[in-house]
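Structure file structure25.txt (compact mmCIF, C-alpha atoms and all ligand atoms) follows.
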```txt
# COMPACT_ATOMS: atom_id res chain seq x y z
CA MET A 1 -0.88 -18.96 12.28
CA SER A 2 0.33 -16.04 14.36
CA ASN A 3 3.53 -16.50 16.24
CA GLU A 4 2.25 -14.91 19.39
CA THR A 5 -1.18 -14.63 20.83
CA SER A 6 -0.59 -11.66 23.09
CA GLY A 7 -3.11 -8.85 22.90
CA ARG A 8 -6.45 -8.72 21.18
CA GLY A 9 -7.63 -7.91 17.69
CA ARG A 10 -7.67 -9.52 14.29
CA LEU A 11 -3.90 -8.98 13.90
CA ALA A 12 -2.83 -9.66 17.48
CA GLY A 13 0.74 -10.95 17.60
CA LYS A 14 1.56 -9.96 14.04
CA VAL A 15 4.28 -7.61 12.82
CA ALA A 16 3.42 -5.45 9.81
CA LEU A 17 5.35 -3.08 7.58
CA VAL A 18 3.21 -0.62 5.60
CA THR A 19 5.07 1.48 3.05
CA GLY A 20 4.02 5.08 2.49
CA SER A 21 2.11 5.11 5.78
CA THR A 22 2.61 8.73 6.81
CA SER A 23 -0.32 9.80 4.62
CA GLY A 24 -3.38 8.67 2.69
CA ILE A 25 -4.22 5.02 2.20
CA GLY A 26 -1.02 3.83 3.90
CA ALA A 27 -1.77 5.82 7.06
CA GLY A 28 -5.30 4.38 7.06
CA ILE A 29 -3.99 0.83 6.77
CA ALA A 30 -1.27 1.28 9.40
CA GLY A 31 -3.78 2.82 11.81
CA LEU A 32 -6.34 0.05 11.43
CA PHE A 33 -3.68 -2.65 11.69
CA ALA A 34 -2.35 -1.10 14.92
CA GLN A 35 -5.86 -0.85 16.33
CA GLU A 36 -6.31 -4.55 15.49
CA GLY A 37 -3.32 -5.48 17.64
CA ALA A 38 -0.43 -5.56 15.13
CA ARG A 39 2.98 -4.09 15.84
CA VAL A 40 3.49 -1.74 12.92
CA LEU A 41 6.56 -0.23 11.32
CA ILE A 42 5.39 3.05 9.83
CA HIS A 43 7.34 4.10 6.75
CA GLY A 44 7.75 7.37 4.90
CA ARG A 45 10.43 9.78 3.83
CA ASN A 46 9.90 12.34 6.54
CA GLU A 47 10.70 11.69 10.21
CA GLU A 48 8.39 14.44 11.44
CA ALA A 49 5.42 13.06 9.51
CA GLY A 50 6.19 9.59 10.89
CA GLN A 51 6.26 10.82 14.47
CA ARG A 52 2.98 12.67 13.88
CA VAL A 53 1.28 9.43 12.81
CA ILE A 54 2.73 7.61 15.81
CA SER A 55 1.53 10.21 18.29
CA GLN A 56 -1.98 10.19 16.76
CA LEU A 57 -2.12 6.41 17.11
CA LYS A 58 -0.86 6.57 20.70
CA GLN A 59 -3.58 9.08 21.50
CA ALA A 60 -6.06 6.60 20.03
CA GLY A 61 -4.85 3.99 22.53
CA VAL A 62 -2.22 2.03 20.57
CA PRO A 63 0.65 1.01 22.92
CA ASP A 64 3.92 2.84 22.33
CA GLU A 65 5.84 -0.44 22.01
CA HIS A 66 3.64 -1.46 19.06
CA LEU A 67 4.83 1.42 16.89
CA ALA A 68 8.06 2.43 15.20
CA PHE A 69 9.05 4.57 12.23
CA HIS A 70 11.75 4.17 9.60
CA ALA A 71 12.53 6.64 6.82
CA ALA A 72 13.53 5.31 3.40
CA ASP A 73 13.49 6.49 -0.18
CA LEU A 74 12.09 3.49 -2.07
CA LEU A 75 13.76 4.64 -5.29
CA ASP A 76 16.99 3.46 -3.67
CA VAL A 77 17.62 -0.30 -3.81
CA GLU A 78 19.65 -0.47 -0.59
CA GLN A 79 17.13 1.64 1.33
CA CYS A 80 14.36 -0.81 0.32
CA ARG A 81 16.35 -3.70 1.74
CA ALA A 82 17.30 -1.79 4.88
CA LEU A 83 13.64 -0.95 5.53
CA VAL A 84 12.66 -4.61 5.62
CA ARG A 85 15.70 -5.47 7.76
CA ARG A 86 14.66 -2.80 10.23
CA ALA A 87 11.12 -4.22 10.42
CA GLY A 88 12.60 -7.62 11.23
CA GLU A 89 14.93 -6.19 13.87
CA VAL A 90 12.67 -3.76 15.65
CA PHE A 91 9.84 -6.23 16.23
CA ASP A 92 11.81 -9.46 15.90
CA GLY A 93 10.24 -10.79 12.69
CA LEU A 94 7.80 -9.88 9.94
CA ASP A 95 4.36 -11.31 9.14
CA VAL A 96 2.76 -8.74 6.87
CA LEU A 97 4.13 -6.45 4.16
CA VAL A 98 1.84 -3.90 2.55
CA ASN A 99 3.31 -2.39 -0.62
CA ASN A 100 1.39 0.87 -0.67
CA ALA A 101 3.79 3.72 -1.50
CA GLY A 102 3.33 4.93 -5.04
CA ASP A 103 3.23 7.85 -7.41
CA PHE A 104 0.42 8.70 -9.83
CA THR A 105 1.75 11.65 -11.81
CA ARG A 106 -0.16 11.97 -15.08
CA GLY A 107 1.21 11.32 -18.57
CA THR A 108 -0.33 10.50 -21.96
CA ILE A 109 1.34 8.47 -24.72
CA ASP A 110 2.45 11.82 -26.16
CA ASP A 111 3.91 13.51 -23.13
CA THR A 112 5.16 10.72 -20.86
CA THR A 113 8.89 11.28 -20.54
CA VAL A 114 11.50 8.56 -20.15
CA GLU A 115 12.17 10.03 -16.70
CA LEU A 116 8.53 9.67 -15.60
CA TRP A 117 8.32 6.14 -17.00
CA ASP A 118 11.50 5.02 -15.21
CA PHE A 119 10.58 6.80 -11.98
CA GLN A 120 7.15 5.16 -11.74
CA MET A 121 8.52 1.74 -12.68
CA ALA A 122 11.12 2.09 -9.92
CA LEU A 123 8.75 3.28 -7.20
CA ASN A 124 5.50 1.45 -8.05
CA LEU A 125 6.92 -1.83 -9.37
CA ARG A 126 10.61 -2.38 -8.59
CA ALA A 127 10.28 -1.32 -4.94
CA PRO A 128 7.46 -3.81 -4.19
CA PHE A 129 9.63 -6.53 -5.80
CA LEU A 130 12.68 -5.57 -3.70
CA LEU A 131 10.65 -5.31 -0.51
CA ALA A 132 8.93 -8.65 -1.11
CA GLN A 133 12.25 -10.30 -1.96
CA ALA A 134 13.72 -9.08 1.33
CA ALA A 135 10.59 -9.98 3.31
CA VAL A 136 10.26 -13.58 2.12
CA PRO A 137 13.17 -15.01 4.19
CA LEU A 138 11.76 -13.35 7.32
CA MET A 139 8.32 -14.77 6.60
CA ARG A 140 9.78 -18.23 5.95
CA GLU A 141 11.33 -18.03 9.43
CA ARG A 142 7.84 -17.36 10.84
CA GLY A 143 6.34 -20.24 8.83
CA SER A 144 3.84 -17.97 7.10
CA GLY A 145 3.28 -14.44 5.85
CA SER A 146 1.03 -12.12 3.90
CA ILE A 147 2.03 -9.61 1.23
CA VAL A 148 -0.67 -7.14 0.21
CA ASN A 149 0.01 -5.08 -2.90
CA ILE A 150 -1.91 -1.85 -3.40
CA GLY A 151 -2.85 -1.70 -7.04
CA SER A 152 -5.42 0.35 -8.88
CA VAL A 153 -8.49 -0.18 -11.02
CA ASN A 154 -6.23 1.38 -13.67
CA ALA A 155 -4.32 -1.92 -13.76
CA TYR A 156 -6.79 -3.30 -16.32
CA ILE A 157 -6.60 -0.64 -19.01
CA GLY A 158 -6.01 2.69 -17.33
CA GLY A 159 -7.06 6.24 -17.96
CA GLN A 160 -5.95 8.27 -20.95
CA ASN A 161 -3.34 10.22 -19.01
CA LEU A 162 -2.16 7.41 -16.75
CA THR A 163 0.07 5.60 -19.22
CA SER A 164 3.09 4.51 -17.21
CA TYR A 165 1.17 4.49 -13.92
CA SER A 166 -1.38 2.00 -15.30
CA VAL A 167 1.42 -0.22 -16.59
CA THR A 168 3.06 -0.29 -13.15
CA LYS A 169 -0.19 -1.42 -11.53
CA GLY A 170 -0.83 -4.02 -14.25
CA GLY A 171 2.73 -5.29 -13.77
CA LEU A 172 2.17 -5.40 -10.03
CA MET A 173 -0.93 -7.54 -10.59
CA THR A 174 1.06 -10.05 -12.66
CA PHE A 175 3.80 -9.98 -10.01
CA THR A 176 1.17 -10.67 -7.33
CA LYS A 177 -0.14 -13.75 -9.11
CA ASN A 178 3.26 -15.04 -10.17
CA VAL A 179 4.83 -14.81 -6.73
CA ALA A 180 1.69 -16.10 -5.04
CA ARG A 181 2.11 -19.31 -6.97
CA GLN A 182 5.81 -19.53 -6.09
CA LEU A 183 5.24 -18.97 -2.38
CA ALA A 184 2.07 -20.95 -1.66
CA ARG A 185 3.98 -23.96 -0.30
CA ASP A 186 5.72 -21.61 2.15
CA HIS A 187 2.30 -20.40 3.39
CA ILE A 188 3.27 -16.93 2.24
CA ARG A 189 0.27 -15.36 0.57
CA VAL A 190 0.35 -12.54 -1.97
CA ASN A 191 -2.82 -10.65 -2.81
CA GLN A 192 -3.69 -7.32 -4.40
CA LEU A 193 -6.27 -4.60 -3.87
CA ASN A 194 -7.16 -2.75 -7.04
CA VAL A 195 -8.27 0.47 -5.48
CA GLY A 196 -10.81 2.91 -6.95
CA TRP A 197 -10.98 6.66 -6.54
CA THR A 198 -9.98 7.46 -2.96
CA LEU A 199 -9.72 10.79 -1.20
CA THR A 200 -6.15 11.19 0.04
CA GLU A 201 -3.56 13.92 0.38
CA GLY A 202 -1.85 12.79 -2.82
CA GLU A 203 -5.09 12.61 -4.78
CA HIS A 204 -6.11 16.09 -3.64
CA ARG A 205 -2.74 17.45 -4.77
CA VAL A 206 -2.92 15.81 -8.20
CA GLN A 207 -6.58 16.67 -8.89
CA THR A 208 -6.22 20.29 -7.77
CA LYS A 209 -3.37 20.67 -10.24
CA GLU A 210 -5.03 18.71 -13.04
CA MET A 211 -8.45 20.37 -12.79
CA GLY A 212 -7.04 23.75 -11.85
CA ARG A 213 -9.55 24.28 -9.03
CA GLU A 214 -9.58 23.76 -5.26
CA ASP A 215 -13.23 22.69 -5.27
CA TRP A 216 -12.68 19.76 -7.68
CA LEU A 217 -14.14 17.31 -5.18
CA GLU A 218 -17.59 18.87 -4.70
CA ALA A 219 -17.86 20.46 -8.14
CA VAL A 220 -16.53 17.71 -10.38
CA ALA A 221 -15.84 14.42 -8.61
CA LEU A 222 -18.75 13.76 -6.27
CA PRO A 223 -21.56 14.10 -8.84
CA THR A 224 -19.98 11.28 -10.87
CA ARG A 225 -19.66 8.82 -7.98
CA PRO A 226 -22.33 6.11 -7.59
CA PHE A 227 -22.50 6.53 -3.80
CA GLY A 228 -21.97 10.30 -3.94
CA CYS A 229 -18.59 10.16 -2.22
CA LEU A 230 -15.05 8.99 -2.85
CA LEU A 231 -13.66 5.96 -1.09
CA SER A 232 -11.71 6.74 2.09
CA PRO A 233 -8.41 5.28 3.30
CA ARG A 234 -10.45 3.45 5.95
CA ASP A 235 -12.46 1.64 3.24
CA ILE A 236 -9.22 0.37 1.71
CA ALA A 237 -7.82 -0.49 5.13
CA PHE A 238 -10.71 -2.86 5.90
CA ALA A 239 -10.00 -4.80 2.71
CA ALA A 240 -6.26 -4.89 3.50
CA LEU A 241 -7.07 -6.17 6.99
CA TYR A 242 -8.83 -9.20 5.52
CA PHE A 243 -5.82 -10.13 3.39
CA ALA A 244 -3.37 -9.47 6.24
CA SER A 245 -5.24 -11.53 8.78
CA ASP A 246 -5.55 -15.29 9.16
CA GLU A 247 -9.20 -14.96 8.05
CA SER A 248 -7.84 -15.21 4.49
CA GLN A 249 -5.26 -17.86 5.36
CA LEU A 250 -6.11 -20.03 2.32
CA VAL A 251 -6.45 -17.16 -0.15
CA THR A 252 -3.54 -16.21 -2.39
CA GLY A 253 -2.99 -14.75 -5.85
CA SER A 254 -6.28 -12.97 -5.49
CA VAL A 255 -7.15 -9.48 -6.75
CA LEU A 256 -9.98 -7.56 -5.11
CA ASP A 257 -11.43 -4.49 -6.84
CA VAL A 258 -12.24 -2.04 -4.06
CA GLU A 259 -14.53 0.16 -6.11
CA GLN A 260 -18.08 1.55 -6.16
CA SER A 261 -19.14 -0.06 -9.44
CA PRO A 262 -17.97 -3.01 -11.56
CA VAL A 263 -14.58 -2.37 -13.10
CA GLY A 264 -14.60 -2.78 -16.85
CA GLY A 265 -11.98 -0.35 -18.04
CA SER A 266 -13.28 2.69 -19.85
P1 LIG B 1 -0.40 9.62 -1.03
O1 LIG B 1 0.36 10.56 -1.91
O2 LIG B 1 -1.20 10.20 0.08
O3 LIG B 1 0.55 8.48 -0.51
C1 LIG B 1 1.65 8.01 -1.25
C2 LIG B 1 2.73 7.60 -0.28
O4 LIG B 1 3.87 7.13 -1.00
C3 LIG B 1 3.19 8.77 0.58
O5 LIG B 1 3.19 8.37 1.94
C4 LIG B 1 4.59 9.03 0.10
O6 LIG B 1 5.45 9.47 1.14
C5 LIG B 1 5.03 7.67 -0.41
N1 LIG B 1 6.12 7.83 -1.37
C6 LIG B 1 6.11 8.53 -2.53
N2 LIG B 1 7.33 8.50 -3.11
C7 LIG B 1 8.13 7.76 -2.29
C8 LIG B 1 9.49 7.39 -2.33
N3 LIG B 1 10.31 7.75 -3.32
N4 LIG B 1 9.97 6.63 -1.32
C9 LIG B 1 9.19 6.27 -0.30
N5 LIG B 1 7.88 6.59 -0.21
C10 LIG B 1 7.36 7.33 -1.20
O7 LIG B 1 -1.36 8.82 -2.03
P2 LIG B 1 -2.45 7.67 -1.82
O8 LIG B 1 -3.61 8.08 -2.63
O9 LIG B 1 -2.61 7.33 -0.40
O10 LIG B 1 -1.74 6.44 -2.59
C11 LIG B 1 -1.31 5.26 -1.96
C12 LIG B 1 -1.35 4.11 -2.95
O11 LIG B 1 -2.69 3.90 -3.38
C13 LIG B 1 -0.50 4.32 -4.22
O12 LIG B 1 0.17 3.13 -4.56
C14 LIG B 1 -1.56 4.66 -5.26
O13 LIG B 1 -1.14 4.31 -6.57
C15 LIG B 1 -2.71 3.79 -4.79
N6 LIG B 1 -4.02 4.22 -5.32
C16 LIG B 1 -4.57 5.41 -4.94
C17 LIG B 1 -5.80 5.78 -5.47
C18 LIG B 1 -6.48 7.08 -5.08
O14 LIG B 1 -7.50 7.42 -5.70
N7 LIG B 1 -5.98 7.80 -4.09
C19 LIG B 1 -6.45 4.95 -6.39
C20 LIG B 1 -5.84 3.76 -6.75
C21 LIG B 1 -4.63 3.39 -6.21
```

As structure tokens, please, write out the structure in this file.
Amino acid sequence: MSNETSGRGRLAGKVALVTGSTSGIGAGIAGLFAQEGARVLIHGRNEEAGQRVISQLKQAGVPDEHLAFHAADLLDVEQCRALVRRAGEVFDGLDVLVNNAGDFTRGTIDDTTVELWDFQMALNLRAPFLLAQAAVPLMRERGSGSIVNIGSVNAYIGGQNLTSYSVTKGGLMTFTKNVARQLARDHIRVNQLNVGWTLTEGEHRVQTKEMGREDWLEAVALPTRPFGCLLSPRDIAFAALYFASDESQLVTGSVLDVEQSPVGGS
């Protein structure tokens, strides 16, 4: 279903926008997509970080003309819309949107403030809605599209101190299934990855603060992990690649738990 067949790779000819792709899981997804032949709009809030990702990918052999960067604060409604417009303009269309940017600041039922609740709803849930809403007309023009939402295993019940965060990811899962049904006739697919514990810049920052120690990974985290390691952005990227590519062309409304053990919610 790609609109072009130039180049090689599982995403050859496709245009992808990956939000929050200057670090962590987003950078992993953008990198793999580019290596698989996609033209990728990298997104973040910091131009320097965006250019750093682009130069790393160029060094890894990705053609310059397959990469661009656009800065946007996804808390801002107009900036969400402008980001999608830019993806459509810079590469002349849009096939794949990955809603990855998110915040996972902790909060229990007792200490979650109204500000934290509203902030996480805006970034983790409203922004994916706005971006998808803006992307759909571009995908209709192409005749197909794939939206991949990055959720969390916390979508099902969540951890004790992930109150509003868990709700955003649960809401995102309902959004995924609802919109998948609406868009199936347009051949626009909407799927979600419910991601388990993954080692990223953001996770390191949060865990160091929460556990109050720099060695949280080796001392606390790794001994609890079934495979003795945390997931990596690359592990998540391989799952995103499946949903982005035509290999999953008849799969929509699906949620994949990318985790080291069955997710039950504890
Ligand atoms: P990260 O902090 O490395 O990445 C988050 C990205 O979101 C950053 O690139 C950041 O610039 C972007 N972002 C934050 N606020 C923004 C704003 N206002 N406007 C635009 N962009 C903004 O963290 P990560 O671990 O790579 O997380 C990526 C996604 O994966 C998130 O949605 C997170 O909820 C999800 N996730 C992560 C884990 C994990 O263990 N790391 C587990 C489950 C789900």

Could you build a table of the residues in chain A lying no more than 7 Å from ligand LIG 1 (chain B), giving for each the nearest pair of atoms and their separation in Å rounded to one decimal place, using only C-alpha atoms and all ligand atoms, ordered by chain and ascending residue number, as CSV?
```
residue,atom,partner,partner_atom,distance
A:Thr19,CA,B:LIG1,N5,6.7
A:Gly20,CA,B:LIG1,O5,3.4
A:Ser21,CA,B:LIG1,O5,5.2
A:Thr22,CA,B:LIG1,O5,4.9
A:Ser23,CA,B:LIG1,O2,4.6
A:Gly24,CA,B:LIG1,O9,3.5
A:Ile25,CA,B:LIG1,O9,3.8
A:Gly26,CA,B:LIG1,O9,5.8
A:Gly44,CA,B:LIG1,O6,4.9
A:Arg45,CA,B:LIG1,C9,5.6
A:Ala72,CA,B:LIG1,C9,5.8
A:Asp73,CA,B:LIG1,N4,3.7
A:Leu74,CA,B:LIG1,N4,3.9
A:Leu75,CA,B:LIG1,N3,5.0
A:Asn100,CA,B:LIG1,O12,4.7
A:Ala101,CA,B:LIG1,O4,3.4
A:Gly102,CA,B:LIG1,O12,3.7
A:Asp103,CA,B:LIG1,O13,5.7
A:Phe104,CA,B:LIG1,O13,5.7
A:Leu123,CA,B:LIG1,N3,6.1
A:Asn124,CA,B:LIG1,O12,6.6
A:Ile150,CA,B:LIG1,O12,5.5
A:Gly151,CA,B:LIG1,C21,5.5
A:Ser152,CA,B:LIG1,C20,4.0
A:Val153,CA,B:LIG1,C20,6.4
A:Asn194,CA,B:LIG1,C20,6.6
A:Val195,CA,B:LIG1,C20,4.3
A:Gly196,CA,B:LIG1,C19,4.8
A:Trp197,CA,B:LIG1,O14,3.7
A:Thr198,CA,B:LIG1,O14,3.7
A:Leu199,CA,B:LIG1,N7,5.6
A:Thr200,CA,B:LIG1,O8,4.8
A:Glu201,CA,B:LIG1,O2,4.4
A:Gly202,CA,B:LIG1,O1,3.3
A:Glu203,CA,B:LIG1,N7,4.9
```

List every protein, DNA or RNA residue that has an atom no more than 9 Å from (6.9, -11.0, 7.3) in the file's coordinate frame, counting all atoms listed in the file, and report them as a PyMOL selection string.
-> chain A and resi 14-17+84+87-88+93-97+132+135-142+144-147+188

Need the neighbours of (1.9, -2.6, 10.1): which residues are at most 6 Å away, counting all atoms listed in the file, as a ChimeraX atom specification?
-> /A:16-18,30,33,40-41

Which residues, written as a PyMOL selection string, have at least one atom at most 9 Å from Asp64 (chain A), with all atoms listed in the file counted and residues fewer than 5 positions away on the same chain left out?
-> chain A and resi 54-55+57-58

Atom pair CA of Ile157 (chain A) + CA of Leu230 (chain A), distance 20.6 Å

Excluding Val77 (chain A) and any residue of its chain fewer than 5 positions from it, enumerate the residues within 9 Å of it, using only C-alpha atoms, and give them as an MDAnalysis selection string.
-> chainID A and resid 82 126:127 130

How would the residues just picked look written out with C-alpha atoms as a compact mmCIF listing (two decimals), in the coordinates of the input?
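Produced file part-v4.txt, reproduced below:
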```txt
# COMPACT_ATOMS: atom_id res chain seq x y z
CA ALA A 82 17.30 -1.79 4.88
CA ARG A 126 10.61 -2.38 -8.59
CA ALA A 127 10.28 -1.32 -4.94
CA LEU A 130 12.68 -5.57 -3.70
```

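Taking all atoms listed in the file into account, Ala12 (chain A) lies nearest to A:Ala244 out of the set A:Ala244, A:Cys80, A:Ala49, A:Leu231.
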
Residue with smallest distance to Phe243 (chain A) - pool A:Val53, A:Arg10, A:Arg225, A:Ile109, counting all atoms listed in the file =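 Result for the nearest residue to Phe243 (chain A): A:Arg10.
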
Near Ala155 (chain A), counting only C-alpha atoms, which residues have an atom at most 6 Å away, once you skip same-chain residues fewer than 6 positions from it, shown as a short mmCIF file (atom, residue, chain, number, x, y, z; two decimals) with C-alpha atoms, in the coordinates of the input?
```
data_model
loop_
_atom_site.label_atom_id
_atom_site.label_comp_id
_atom_site.auth_asym_id
_atom_site.auth_seq_id
_atom_site.Cartn_x
_atom_site.Cartn_y
_atom_site.Cartn_z
CA SER A 166 -1.38 2.00 -15.30
CA LYS A 169 -0.19 -1.42 -11.53
CA GLY A 170 -0.83 -4.02 -14.25
#
```

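Each of A:Gly158, A:Gly31, A:Gly37, A:Gly264 was checked against Gln56 (chain A) using all atoms listed in the file; the smallest atom-to-atom distance is that of A:Gly31.
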
For CA of Met211 (chain A) and CA of Tyr165 (chain A), determine how far apart the two atoms are, in Å to one decimal place.
->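 One can read the CA of Met211 (chain A) to CA of Tyr165 (chain A) distance as 18.6 Å.
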
Can you work out which one of A:Ala71, A:Ala38, A:Leu256, A:Leu32 has the shortest atom-to-atom distance to Gly13 (chain A), counting only C-alpha atoms?
->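 Ranking A:Ala71, A:Ala38, A:Leu256, A:Leu32 by distance to Gly13 (chain A), first place goes to A:Ala38.
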
Find the residues near Asn161 (chain A): any atom within 6 Å, counting all atoms listed in the file, skip ones fewer than 2 places away on the same chain, and give them as a PyMOL selection string.
-> chain A and resi 106-108+159+163

Distance CA of Glu47 (chain A)-CA of Gln35 (chain A), one decimal place?
-> 21.7 Å

Please provide the set of residues having any atom within 8 Å of Ile236 (chain A), restricted to only C-alpha atoms, with same-chain residues fewer than 2 positions apart removed, written as a ChimeraX atom specification.
-> /A:25,28-29,195,231-234,238-240,258

Looking at A:Phe175, A:Asp111, A:Arg8, A:Val148, which one is nearest to Ser248 (chain A), with distances taken over all atoms listed in the file?
-> A:Val148

Exercise on region 197-208 of chain A, axis-aligned box with 3 Å per side, report centre and edge lengths in Å to one decimal, as AutoDock Vina command-line options:
```
--center_x -6.4 --center_y 13.5 --center_z -4.3 --size_x 15.1 --size_y 19.6 --size_z 15.3
```
